[in-house]
file data_32.cif (mmCIF, C-alpha atoms and all ligand atoms)
data_final
#
loop_
_atom_site.label_atom_id
_atom_site.label_comp_id
_atom_site.auth_asym_id
_atom_site.auth_seq_id
_atom_site.Cartn_x
_atom_site.Cartn_y
_atom_site.Cartn_z
CA MET A 1 71.96 55.69 12.53
CA PRO A 2 70.54 52.30 13.45
CA ALA A 3 66.77 51.89 13.25
CA LEU A 4 64.88 52.72 16.40
CA GLU A 5 63.25 49.91 18.22
CA ASN A 6 60.05 50.19 20.09
CA SER A 7 61.79 50.24 23.44
CA LEU A 8 64.62 52.08 25.15
CA PRO A 9 68.19 50.80 24.95
CA VAL A 10 69.82 49.75 28.23
CA ILE A 11 73.43 50.93 28.67
CA ASP A 12 75.56 49.17 31.29
CA LEU A 13 78.09 51.50 32.94
CA SER A 14 79.93 48.76 34.81
CA SER A 15 81.73 46.80 32.10
CA ASP A 16 83.02 48.89 29.17
CA SER A 17 85.66 51.62 28.91
CA GLU A 18 84.46 55.24 29.12
CA ALA A 19 85.11 55.60 25.38
CA VAL A 20 82.82 52.67 24.54
CA ILE A 21 80.18 53.88 27.02
CA GLY A 22 80.42 57.33 25.43
CA GLN A 23 79.73 55.91 21.98
CA LYS A 24 76.72 53.98 23.26
CA LEU A 25 75.39 57.07 25.04
CA TYR A 26 75.90 59.16 21.92
CA GLU A 27 74.01 56.67 19.76
CA ALA A 28 71.07 56.55 22.18
CA ALA A 29 71.11 60.30 22.87
CA SER A 30 71.13 61.22 19.19
CA THR A 31 68.27 58.91 18.13
CA LEU A 32 65.48 58.60 20.68
CA GLY A 33 67.10 60.82 23.32
CA PHE A 34 65.84 58.46 26.06
CA PHE A 35 67.61 55.40 27.43
CA PHE A 36 68.09 53.28 30.54
CA ILE A 37 71.38 53.05 32.40
CA GLU A 38 72.38 50.35 34.83
CA GLY A 39 75.52 49.50 36.79
CA SER A 40 75.72 53.11 38.02
CA GLY A 41 76.61 52.13 41.60
CA LEU A 42 73.41 53.61 43.03
CA THR A 43 71.64 51.06 45.21
CA GLN A 44 67.93 50.26 45.41
CA GLU A 45 68.12 50.86 49.14
CA GLU A 46 69.12 54.52 48.77
CA VAL A 47 66.54 55.13 46.04
CA ASP A 48 63.80 53.48 48.16
CA GLU A 49 64.76 55.58 51.15
CA VAL A 50 63.97 58.78 49.24
CA PHE A 51 60.78 57.25 47.80
CA ARG A 52 59.65 56.40 51.36
CA LEU A 53 60.17 60.03 52.38
CA ALA A 54 58.17 61.13 49.33
CA GLU A 55 55.23 58.87 50.21
CA LYS A 56 55.27 60.13 53.77
CA PHE A 57 55.35 63.78 52.71
CA PHE A 58 52.57 63.55 50.11
CA ALA A 59 50.35 61.79 52.70
CA THR A 60 50.51 64.80 55.06
CA PRO A 61 47.47 67.16 55.12
CA ALA A 62 47.20 69.65 52.25
CA GLU A 63 47.50 72.65 54.60
CA GLU A 64 50.84 71.33 55.89
CA LYS A 65 52.21 70.91 52.36
CA GLN A 66 50.92 74.36 51.37
CA LYS A 67 53.16 75.93 54.04
CA PHE A 68 56.09 75.39 51.66
CA PRO A 69 54.76 76.75 48.34
CA ILE A 70 57.02 76.63 45.33
CA THR A 71 59.07 79.80 44.86
CA LYS A 72 62.17 80.15 42.65
CA ASN A 73 61.62 76.52 41.59
CA ARG A 74 61.93 75.20 45.17
CA GLY A 75 59.15 73.74 47.30
CA TYR A 76 55.68 72.27 46.93
CA SER A 77 53.52 72.54 43.80
CA SER A 78 49.97 71.34 44.38
CA PHE A 79 47.56 69.38 42.20
CA LYS A 80 47.19 71.05 38.77
CA GLN A 81 49.49 73.96 39.68
CA GLU A 82 52.13 73.18 37.04
CA GLY A 83 51.16 72.45 33.44
CA LEU A 84 54.06 71.08 31.44
CA ASP A 85 52.35 71.31 28.06
CA VAL A 86 52.22 75.08 27.56
CA ASP A 87 49.56 74.66 24.82
CA ARG A 88 47.03 72.59 26.78
CA ARG A 89 44.00 74.66 27.65
CA GLU A 90 40.71 74.16 29.47
CA ASN A 91 37.97 76.82 29.46
CA GLY A 92 40.47 79.30 28.00
CA GLN A 93 42.91 78.72 30.87
CA LYS A 94 46.14 76.78 30.71
CA LYS A 95 45.43 73.26 31.95
CA GLY A 96 47.45 72.14 34.97
CA ASP A 97 48.70 68.57 35.36
CA PRO A 98 46.83 66.35 37.86
CA LYS A 99 49.90 65.66 39.98
CA GLU A 100 51.72 67.17 42.96
CA LEU A 101 55.44 67.60 43.46
CA PHE A 102 58.17 68.94 45.70
CA ASN A 103 61.45 70.41 44.40
CA PHE A 104 64.68 70.35 46.43
CA ALA A 105 67.74 72.50 45.81
CA PRO A 106 71.05 70.65 46.17
CA PHE A 107 71.92 71.02 49.89
CA ALA A 108 75.57 70.06 50.10
CA GLU A 109 77.56 72.65 52.05
CA THR A 110 79.42 73.71 48.96
CA ALA A 111 76.38 73.64 46.62
CA ASN A 112 74.72 76.86 45.49
CA PRO A 113 76.98 79.23 47.42
CA GLY A 114 75.29 82.42 48.44
CA SER A 115 71.73 81.11 48.21
CA GLU A 116 69.59 80.89 51.33
CA VAL A 117 69.00 77.48 52.94
CA GLN A 118 65.75 75.99 51.64
CA PRO A 119 63.13 75.64 54.40
CA LEU A 120 61.90 72.03 54.59
CA PRO A 121 58.64 70.49 55.86
CA PRO A 122 58.99 68.44 59.11
CA THR A 123 58.90 65.15 57.12
CA PHE A 124 62.21 66.04 55.51
CA ALA A 125 63.81 68.11 58.26
CA ASP A 126 65.56 65.11 59.85
CA SER A 127 66.53 63.71 56.45
CA ARG A 128 68.38 66.68 55.01
CA GLU A 129 71.58 64.65 54.95
CA THR A 130 69.93 61.67 53.19
CA ILE A 131 68.54 63.94 50.48
CA ALA A 132 71.82 65.86 50.15
CA VAL A 133 73.85 62.67 49.73
CA PHE A 134 71.40 61.20 47.21
CA THR A 135 71.42 64.44 45.20
CA GLU A 136 75.22 64.54 45.16
CA ARG A 137 75.40 60.94 44.00
CA CYS A 138 72.93 61.67 41.20
CA HIS A 139 75.02 64.69 40.24
CA LYS A 140 78.27 62.71 40.12
CA LEU A 141 76.58 60.14 37.91
CA ALA A 142 75.34 62.88 35.59
CA GLN A 143 78.85 64.38 35.43
CA ARG A 144 80.18 61.00 34.35
CA LEU A 145 77.53 60.66 31.63
CA LEU A 146 78.22 64.18 30.36
CA GLU A 147 81.98 63.60 30.18
CA ALA A 148 81.50 60.25 28.39
CA LEU A 149 79.19 61.90 25.86
CA GLY A 150 81.76 64.66 25.42
CA LEU A 151 84.41 62.06 24.73
CA ALA A 152 82.36 60.65 21.85
CA LEU A 153 81.97 64.14 20.38
CA GLU A 154 85.57 65.29 20.84
CA VAL A 155 84.70 67.86 23.47
CA GLU A 156 87.70 68.82 25.55
CA PRO A 157 87.79 66.73 28.79
CA GLY A 158 86.44 68.74 31.72
CA TRP A 159 84.63 71.28 29.50
CA LEU A 160 81.19 69.94 30.39
CA SER A 161 81.80 68.93 33.99
CA SER A 162 83.30 72.30 34.92
CA ARG A 163 80.14 74.00 33.59
CA HIS A 164 78.03 71.67 35.73
CA ALA A 165 80.03 72.03 38.95
CA LEU A 166 77.67 71.87 41.94
CA ASP A 167 79.58 74.63 43.71
CA ARG A 168 78.47 77.12 41.06
CA PRO A 169 74.93 78.54 41.46
CA GLY A 170 72.58 76.76 39.06
CA GLY A 171 69.21 75.18 38.43
CA CYS A 172 69.89 71.55 39.42
CA THR A 173 66.83 70.17 41.18
CA LEU A 174 65.71 66.93 42.78
CA ARG A 175 61.96 66.56 42.24
CA ILE A 176 59.66 64.04 43.86
CA LEU A 177 56.33 63.48 42.11
CA HIS A 178 53.01 61.96 43.11
CA TYR A 179 50.24 61.08 40.68
CA PRO A 180 47.31 60.11 42.90
CA ALA A 181 44.78 57.59 41.59
CA MET A 182 41.72 59.27 40.07
CA ALA A 183 38.94 56.70 39.80
CA ASP A 184 36.39 59.33 38.72
CA ILE A 185 38.07 60.55 35.53
CA GLU A 186 35.72 61.86 32.88
CA GLY A 187 37.30 61.16 29.52
CA PRO A 188 40.48 60.50 27.51
CA ASP A 189 41.72 64.06 28.14
CA ASP A 190 41.98 63.20 31.83
CA GLU A 191 44.32 60.32 30.99
CA ILE A 192 47.19 62.81 30.64
CA ARG A 193 48.79 63.23 34.05
CA ALA A 194 51.86 65.25 32.92
CA GLY A 195 51.46 67.14 29.65
CA ALA A 196 53.80 66.61 26.70
CA HIS A 197 57.01 68.59 27.14
CA THR A 198 60.74 68.55 26.77
CA ASP A 199 62.95 69.09 29.81
CA TYR A 200 64.80 72.38 30.06
CA GLY A 201 68.37 71.80 31.20
CA SER A 202 71.10 69.34 30.28
CA MET A 203 69.74 65.94 31.17
CA THR A 204 67.32 64.26 33.55
CA LEU A 205 67.76 61.10 35.61
CA LEU A 206 64.34 59.59 36.26
CA PHE A 207 63.64 57.01 38.94
CA GLN A 208 60.46 54.98 38.73
CA ARG A 209 58.96 52.49 41.17
CA GLU A 210 58.62 48.95 39.89
CA ALA A 211 55.38 48.37 37.97
CA GLN A 212 54.27 52.03 38.34
CA SER A 213 54.47 52.84 34.64
CA GLY A 214 52.90 55.74 32.76
CA LEU A 215 55.86 57.58 31.20
CA GLU A 216 55.68 57.81 27.39
CA VAL A 217 58.20 59.13 24.84
CA LEU A 218 57.36 60.49 21.40
CA SER A 219 59.13 58.51 18.70
CA PRO A 220 60.76 60.85 16.15
CA VAL A 221 60.43 58.10 13.55
CA THR A 222 56.83 56.91 13.82
CA GLY A 223 55.36 59.92 15.66
CA GLU A 224 53.79 57.47 18.11
CA TRP A 225 54.06 57.46 21.88
CA ILE A 226 56.33 54.69 23.18
CA SER A 227 55.59 53.54 26.70
CA VAL A 228 58.59 53.31 29.03
CA PRO A 229 58.47 50.24 31.29
CA ALA A 230 58.88 50.68 35.06
CA LEU A 231 61.51 48.02 35.66
CA GLY A 232 62.59 46.51 38.98
CA PRO A 233 66.22 45.93 40.06
CA ARG A 234 68.08 43.52 37.75
CA ALA A 235 71.31 42.93 39.68
CA PRO A 236 71.90 42.44 43.43
CA GLY A 237 72.61 45.71 45.22
CA GLN A 238 72.01 47.83 42.12
CA CYS A 239 68.98 50.07 41.77
CA ALA A 240 66.48 49.43 38.97
CA PRO A 241 67.65 50.79 35.59
CA ILE A 242 67.47 54.59 35.62
CA VAL A 243 65.76 56.43 32.76
CA VAL A 244 67.97 59.18 31.32
CA ASN A 245 66.81 61.78 28.85
CA ILE A 246 68.54 64.62 27.07
CA ALA A 247 67.06 68.07 27.68
CA ASP A 248 66.86 71.24 25.57
CA GLN A 249 69.94 73.15 26.67
CA LEU A 250 72.26 70.20 26.06
CA SER A 251 70.60 69.44 22.74
CA PHE A 252 71.15 73.04 21.72
CA TRP A 253 74.72 73.07 22.99
CA PHE A 254 75.44 69.97 20.93
CA GLY A 255 74.18 71.70 17.83
CA GLY A 256 71.01 69.61 17.71
CA VAL A 257 72.86 66.30 17.31
CA LEU A 258 71.44 65.15 20.65
CA ARG A 259 67.68 64.78 20.82
CA SER A 260 65.61 66.41 23.53
CA ALA A 261 62.50 64.28 23.15
CA TYR A 262 58.89 65.06 23.98
CA HIS A 263 57.54 62.95 26.79
CA ARG A 264 54.45 62.84 28.99
CA VAL A 265 52.79 60.75 31.68
CA ARG A 266 49.56 59.01 30.76
CA PHE A 267 47.45 56.49 32.62
CA SER A 268 44.80 54.72 30.57
CA THR A 269 41.25 55.01 31.87
CA ALA A 270 41.42 51.30 32.78
CA ALA A 271 44.66 51.82 34.75
CA GLN A 272 43.18 54.83 36.58
CA ARG A 273 40.21 52.74 37.67
CA THR A 274 42.52 50.27 39.46
CA GLY A 275 43.07 53.09 41.92
CA LYS A 276 46.88 52.79 42.15
CA ASP A 277 48.99 55.90 42.82
CA ARG A 278 52.25 56.49 40.95
CA TYR A 279 55.42 57.98 42.45
CA SER A 280 58.49 59.03 40.51
CA MET A 281 61.61 61.08 41.13
CA ALA A 282 63.57 63.23 38.70
CA TYR A 283 67.01 64.75 39.10
CA PHE A 284 67.17 67.65 36.66
CA VAL A 285 70.75 68.46 35.71
CA HIS A 286 71.38 72.06 34.69
CA PRO A 287 74.48 74.01 33.68
CA ALA A 288 75.57 76.75 36.09
CA SER A 289 73.26 79.76 35.73
CA ASP A 290 75.85 82.07 34.18
CA VAL A 291 76.86 79.64 31.42
CA LEU A 292 76.15 81.05 27.96
CA LEU A 293 74.28 78.56 25.76
CA GLU A 294 76.65 78.90 22.82
CA PRO A 295 77.46 75.79 20.80
CA ILE A 296 80.28 73.73 22.34
CA PRO A 297 83.66 74.03 20.66
CA SER A 298 84.00 70.68 18.89
CA ARG A 299 84.96 69.77 15.33
CA VAL A 300 82.35 66.98 15.24
CA ILE A 301 79.58 69.27 16.45
CA ALA A 302 80.52 72.05 14.01
CA ALA A 303 80.29 69.56 11.14
CA ALA A 304 76.91 68.29 12.38
CA ILE A 305 75.55 71.85 12.60
CA ALA A 306 76.72 72.59 9.05
CA SER A 307 75.05 69.50 7.61
CA ALA A 308 71.84 69.99 9.63
CA GLY A 309 71.61 73.56 8.34
CA GLU A 310 71.43 72.26 4.79
CA SER A 311 68.60 69.84 5.49
CA LEU A 312 66.34 71.92 7.76
CA PRO A 313 62.65 71.49 6.84
CA GLU A 314 61.27 74.72 5.41
CA ASN A 315 57.63 74.52 6.33
CA LYS A 316 57.13 74.00 9.99
CA SER A 317 53.59 73.40 11.27
CA GLU A 318 52.12 75.97 13.62
CA LYS A 319 52.63 73.62 16.59
CA GLU A 320 56.26 73.01 15.56
CA GLN A 321 56.88 76.73 15.26
CA ARG A 322 55.36 77.33 18.67
CA ASN A 323 57.48 74.53 20.16
CA ALA A 324 60.63 75.95 18.63
CA GLU A 325 59.67 79.37 20.03
CA VAL A 326 59.23 77.99 23.55
CA ARG A 327 62.53 76.10 23.46
CA ARG A 328 64.73 78.78 21.88
CA THR A 329 67.97 79.77 23.52
CA VAL A 330 68.69 82.81 21.35
CA ILE A 331 66.41 85.85 21.56
CA ASP A 332 66.82 88.93 19.32
CA GLY A 333 70.21 87.60 18.28
CA ARG A 334 71.41 87.37 21.89
CA VAL A 335 72.42 83.98 23.29
CA LEU A 336 70.73 83.33 26.65
CA THR A 337 72.48 82.07 29.73
CA ALA A 338 71.30 78.78 31.25
CA GLY A 339 69.72 80.75 34.11
CA GLU A 340 67.78 83.05 31.75
CA HIS A 341 66.52 80.14 29.68
CA LEU A 342 65.38 78.26 32.80
CA ALA A 343 63.54 81.31 34.19
CA ARG A 344 61.69 81.70 30.88
CA ARG A 345 60.59 78.06 30.82
CA LEU A 346 59.46 78.05 34.45
CA ALA A 347 57.39 81.17 33.88
CA LEU A 348 55.54 79.37 31.06
CA ALA A 349 54.99 76.14 33.04
CA PHE A 350 53.61 77.88 36.11
CA SER A 351 51.60 80.63 34.35
O1 LIG B 1 56.93 61.32 36.35
C1 LIG B 1 57.54 61.04 35.31
O2 LIG B 1 57.73 59.86 34.98
C2 LIG B 1 58.06 62.12 34.40
C3 LIG B 1 58.05 63.51 34.98
C4 LIG B 1 58.61 64.53 34.05
O3 LIG B 1 58.79 64.29 32.88
C5 LIG B 1 58.99 65.88 34.55
O4 LIG B 1 58.63 66.23 35.70
O5 LIG B 1 59.66 66.63 33.80
FE FE B 2 60.06 65.78 31.94
#
call {"tool": "encode", "arguments": {"input": "data_32.cif", "output": "structure tokens"}}
result
Amino acid sequence: MPALENSLPVIDLSSDSEAVIGQKLYEAASTLGFFFIEGSGLTQEEVDEVFRLAEKFFATPAEEKQKFPITKNRGYSSFKQEGLDVDRRENGQKKGDPKELFNFAPFAETANPGSEVQPLPPTFADSRETIAVFTERCHKLAQRLLEALGLALEVEPGWLSSRHALDRPGGCTLRILHYPAMADIEGPDDEIRAGAHTDYGSMTLLFQREAQSGLEVLSPVTGEWISVPALGPRAPGQCAPIVVNIADQLSFWFGGVLRSAYHRVRFSTAAQRTGKDRYSMAYFVHPASDVLLEPIPSRVIAAAIASAGESLPENKSEKEQRNAEVRRTVIDGRVLTAGEHLARRLALAFS
């Protein structure tokens, strides 16, 4: 593998063949597990439109937002309600992240058949179509990335996309996030605005606003946190490069050859004192709920699993053991479904 640099690679989807793109994705996904993509066809205008809705919603009074509390991973989660680092504690209690968020289910007519229609706050009620279209476009992009990755690993064409079909019930979620400025922070511990975690599903597409940085990725090589820049658009009509990261279920499915990397959001004390809010948006891509998280049939992956098995470190630290425990997809010898694994992770994050 090539040496990791101190920044994320940028992969252009507009110029190469799918096979070449697949190789580039594989290289990035198997080293740092985080990369930028550009040339996706998504425009800055459509991304900004959803960001404008997010700003408007988070500015509404707390009691209005609280009318749509998060249930079954859908709705509003208030300041410090979710704590992504399951080990962070304060006064014996799990420490919640100083941020607020709203989770949307995919709304397309064919998406999530059988599930009830998600009630939406007035800010979004007239924009259901905008959000639905944006979500579908994110999903199509994710399907393309998954298939290209599959190509590089000799996975049968269609194997991954059929397991991520939006018309099968699943955990895909569009999340808008708001990290309000906190000028009165007390110490370095308050610099962490989203605790260190790995994402749960297949992959995440993360949209940032230009110059609103704060996302950091743990380098598997140096063990240091790498800060991810919040870039602006680089080509006319195209949205700013999108951050993509591999999540736990896909990493597991690919026999550990893809890295699901720890990441967090941190604002330095100096940055917090400037009093600027940060907004971001994540599209979490999940397999359909009934998909069993068994390794993908692929000669390349089977070989990778065999060689990784021989070089597994024997003495894991307590923190590493705990992390492995939280992320596991096999319990008592039984392979979990994607839906069971997601439910387990959500219970830990919101406990
Ligand atoms: O806000 C960000 O930049 C990252 C959020 C995140 O990692 C998450 O919600 O899983
Ligand atoms: Fe995350």
call {"tool": "residues_near_ligand", "arguments": {"input": "data_32.cif", "ligand": "ligand FE 2 (chain B)", "cutoff": "8 Å", "atoms": "all atoms listed in the file", "output": "MDAnalysis selection string"}}
result
chainID A and resid 197:199 204 263:264
call {"tool": "atom_distance", "arguments": {"input": "data_32.cif", "atom1": "CA of Leu215 (chain A)", "atom2": "CA of Arg259 (chain A)"}}
result
17.3 Å
call {"tool": "closest_residue", "arguments": {"input": "data_32.cif", "among": "A:Gly339, A:Pro287, A:Gly214, A:Gly256", "to": "ligand LIG 1 (chain B)", "atoms": "all atoms listed in the file"}}
result
A:Gly214
call {"tool": "closest_atom_pairs", "arguments": {"input": "data_32.cif", "of": "chain A", "to": "ligand LIG 1 (chain B)", "cutoff": "10 Å", "atoms": "only C-alpha atoms and all ligand atoms", "output": "CSV"}}
result
residue,atom,partner,partner_atom,distance
A:Glu82,CA,B:LIG1,O4,9.6
A:Gly83,CA,B:LIG1,O4,10.0
A:Leu84,CA,B:LIG1,O5,7.5
A:Lys99,CA,B:LIG1,O1,9.0
A:Leu101,CA,B:LIG1,O4,8.5
A:Arg175,CA,B:LIG1,O4,7.3
A:Ile176,CA,B:LIG1,O1,8.4
A:Leu177,CA,B:LIG1,O1,6.2
A:His178,CA,B:LIG1,O1,7.8
A:Tyr179,CA,B:LIG1,O1,8.0
A:Arg193,CA,B:LIG1,O1,8.7
A:Ala194,CA,B:LIG1,C3,6.8
A:Gly195,CA,B:LIG1,O3,8.5
A:Ala196,CA,B:LIG1,O3,8.3
A:His197,CA,B:LIG1,O3,7.4
A:Thr198,CA,B:LIG1,O5,7.4
A:Asp199,CA,B:LIG1,O5,5.7
A:Tyr200,CA,B:LIG1,O5,8.6
A:Thr204,CA,B:LIG1,O5,8.0
A:Leu205,CA,B:LIG1,C2,9.8
A:Leu206,CA,B:LIG1,O2,6.7
A:Phe207,CA,B:LIG1,O2,7.7
A:Gln208,CA,B:LIG1,O2,6.7
A:Arg209,CA,B:LIG1,O2,9.7
A:Gln212,CA,B:LIG1,O2,9.2
A:Ser213,CA,B:LIG1,O2,7.7
A:Gly214,CA,B:LIG1,O2,6.7
A:Leu215,CA,B:LIG1,O2,4.8
A:Glu216,CA,B:LIG1,O2,8.1
A:Val217,CA,B:LIG1,O3,9.6
A:Val228,CA,B:LIG1,O2,8.9
A:Ala230,CA,B:LIG1,O2,9.3
A:Val243,CA,B:LIG1,O2,9.0
A:Asn245,CA,B:LIG1,O3,9.3
A:Ala247,CA,B:LIG1,O5,9.7
A:Tyr262,CA,B:LIG1,O3,8.9
A:His263,CA,B:LIG1,O3,6.4
A:Arg264,CA,B:LIG1,O3,6.0
A:Val265,CA,B:LIG1,C1,6.0
A:Arg266,CA,B:LIG1,O2,9.2
A:Arg278,CA,B:LIG1,O1,8.1
A:Tyr279,CA,B:LIG1,O1,7.1
A:Ser280,CA,B:LIG1,O1,5.0
A:Met281,CA,B:LIG1,O1,6.7
A:Ala282,CA,B:LIG1,O4,6.5
A:Tyr283,CA,B:LIG1,O4,9.2
A:Phe284,CA,B:LIG1,O5,8.1
call {"tool": "atom_distance", "arguments": {"input": "data_32.cif", "atom1": "CA of Lys56 (chain A)", "atom2": "CA of Ser77 (chain A)"}}
result
16.0 Å
call {"tool": "closest_residue", "arguments": {"input": "data_32.cif", "among": "A:Arg168, A:His286, A:Arg345, A:Lys95", "to": "Ile192 (chain A)", "atoms": "all atoms listed in the file"}}
result
A:Lys95
call {"tool": "atom_distance", "arguments": {"input": "data_32.cif", "atom1": "CA of Gly255 (chain A)", "atom2": "CA of Glu224 (chain A)"}}
result
24.9 Å
call {"tool": "closest_residue", "arguments": {"input": "data_32.cif", "among": "A:Glu191, A:Glu100, A:Glu27, A:Asp85", "to": "Leu346 (chain A)", "atoms": "only C-alpha atoms"}}
result
A:Asp85
call {"tool": "closest_residue", "arguments": {"input": "data_32.cif", "among": "A:Ala29, A:Ala303, A:Leu153, A:Leu145", "to": "Ser260 (chain A)", "atoms": "only C-alpha atoms"}}
result
A:Ala29
call {"tool": "closest_residue", "arguments": {"input": "data_32.cif", "among": "A:Ala28, A:Ile226, A:Leu174, A:Ala271", "to": "Gly75 (chain A)", "atoms": "all atoms listed in the file"}}
result
A:Leu174
call {"tool": "decode", "arguments": {"input": "data_32.cif", "residues": "region 272-279 of chain A", "atoms": "all heavy atoms", "output": "compact mmCIF listing (two decimals), in the first residue's frame"}}
result
# COMPACT_ATOMS: atom_id res chain seq x y z
N GLN A 272 -13.58 28.17 18.95
CA GLN A 272 -14.89 28.31 19.61
C GLN A 272 -15.15 29.76 19.99
O GLN A 272 -16.27 30.24 19.97
CB GLN A 272 -14.95 27.45 20.87
CG GLN A 272 -14.55 26.03 20.62
CD GLN A 272 -15.61 25.03 21.03
OE1 GLN A 272 -16.79 25.28 20.88
NE2 GLN A 272 -15.19 23.89 21.51
N ARG A 273 -14.05 30.44 20.37
CA ARG A 273 -14.22 31.82 20.84
C ARG A 273 -14.56 32.78 19.70
O ARG A 273 -14.98 33.90 19.95
CB ARG A 273 -12.94 32.29 21.57
CG ARG A 273 -12.61 31.39 22.75
CD ARG A 273 -12.49 32.14 24.07
NE ARG A 273 -12.79 31.26 25.19
CZ ARG A 273 -11.88 30.64 25.94
NH1 ARG A 273 -10.60 30.82 25.70
NH2 ARG A 273 -12.26 29.85 26.93
N THR A 274 -14.37 32.35 18.43
CA THR A 274 -14.74 33.23 17.32
C THR A 274 -16.26 33.26 17.18
O THR A 274 -16.80 34.10 16.47
CB THR A 274 -14.17 32.75 15.98
OG1 THR A 274 -14.74 31.48 15.68
CG2 THR A 274 -12.66 32.66 15.99
N GLY A 275 -16.91 32.33 17.85
CA GLY A 275 -18.37 32.37 17.89
C GLY A 275 -19.05 31.97 16.58
O GLY A 275 -20.15 32.41 16.31
N LYS A 276 -18.39 31.13 15.76
CA LYS A 276 -19.01 30.71 14.49
C LYS A 276 -19.69 29.35 14.65
O LYS A 276 -19.08 28.43 15.19
CB LYS A 276 -17.91 30.61 13.42
CG LYS A 276 -18.29 31.30 12.13
CD LYS A 276 -17.13 31.39 11.14
CE LYS A 276 -16.67 30.05 10.62
NZ LYS A 276 -15.71 30.13 9.53
N ASP A 277 -20.90 29.21 14.17
CA ASP A 277 -21.57 27.90 14.20
C ASP A 277 -21.03 27.04 13.07
O ASP A 277 -20.51 27.54 12.09
CB ASP A 277 -23.08 28.06 13.98
CG ASP A 277 -23.78 28.74 15.14
OD1 ASP A 277 -23.09 29.34 15.99
OD2 ASP A 277 -25.02 28.68 15.19
N ARG A 278 -21.20 25.73 13.20
CA ARG A 278 -20.86 24.82 12.09
C ARG A 278 -22.10 24.01 11.73
O ARG A 278 -22.84 23.56 12.63
CB ARG A 278 -19.72 23.87 12.49
CG ARG A 278 -19.39 22.84 11.43
CD ARG A 278 -18.14 22.02 11.82
NE ARG A 278 -17.68 21.19 10.73
CZ ARG A 278 -18.00 19.89 10.56
NH1 ARG A 278 -18.77 19.28 11.44
NH2 ARG A 278 -17.54 19.22 9.54
N TYR A 279 -22.33 23.85 10.43
CA TYR A 279 -23.40 22.98 9.94
C TYR A 279 -22.78 21.91 9.07
O TYR A 279 -21.81 22.16 8.33
CB TYR A 279 -24.41 23.78 9.08
CG TYR A 279 -25.14 24.83 9.86
CD1 TYR A 279 -24.59 26.10 10.05
CD2 TYR A 279 -26.38 24.55 10.44
CE1 TYR A 279 -25.26 27.07 10.79
CE2 TYR A 279 -27.05 25.51 11.18
CZ TYR A 279 -26.48 26.76 11.35
OH TYR A 279 -27.15 27.72 12.09
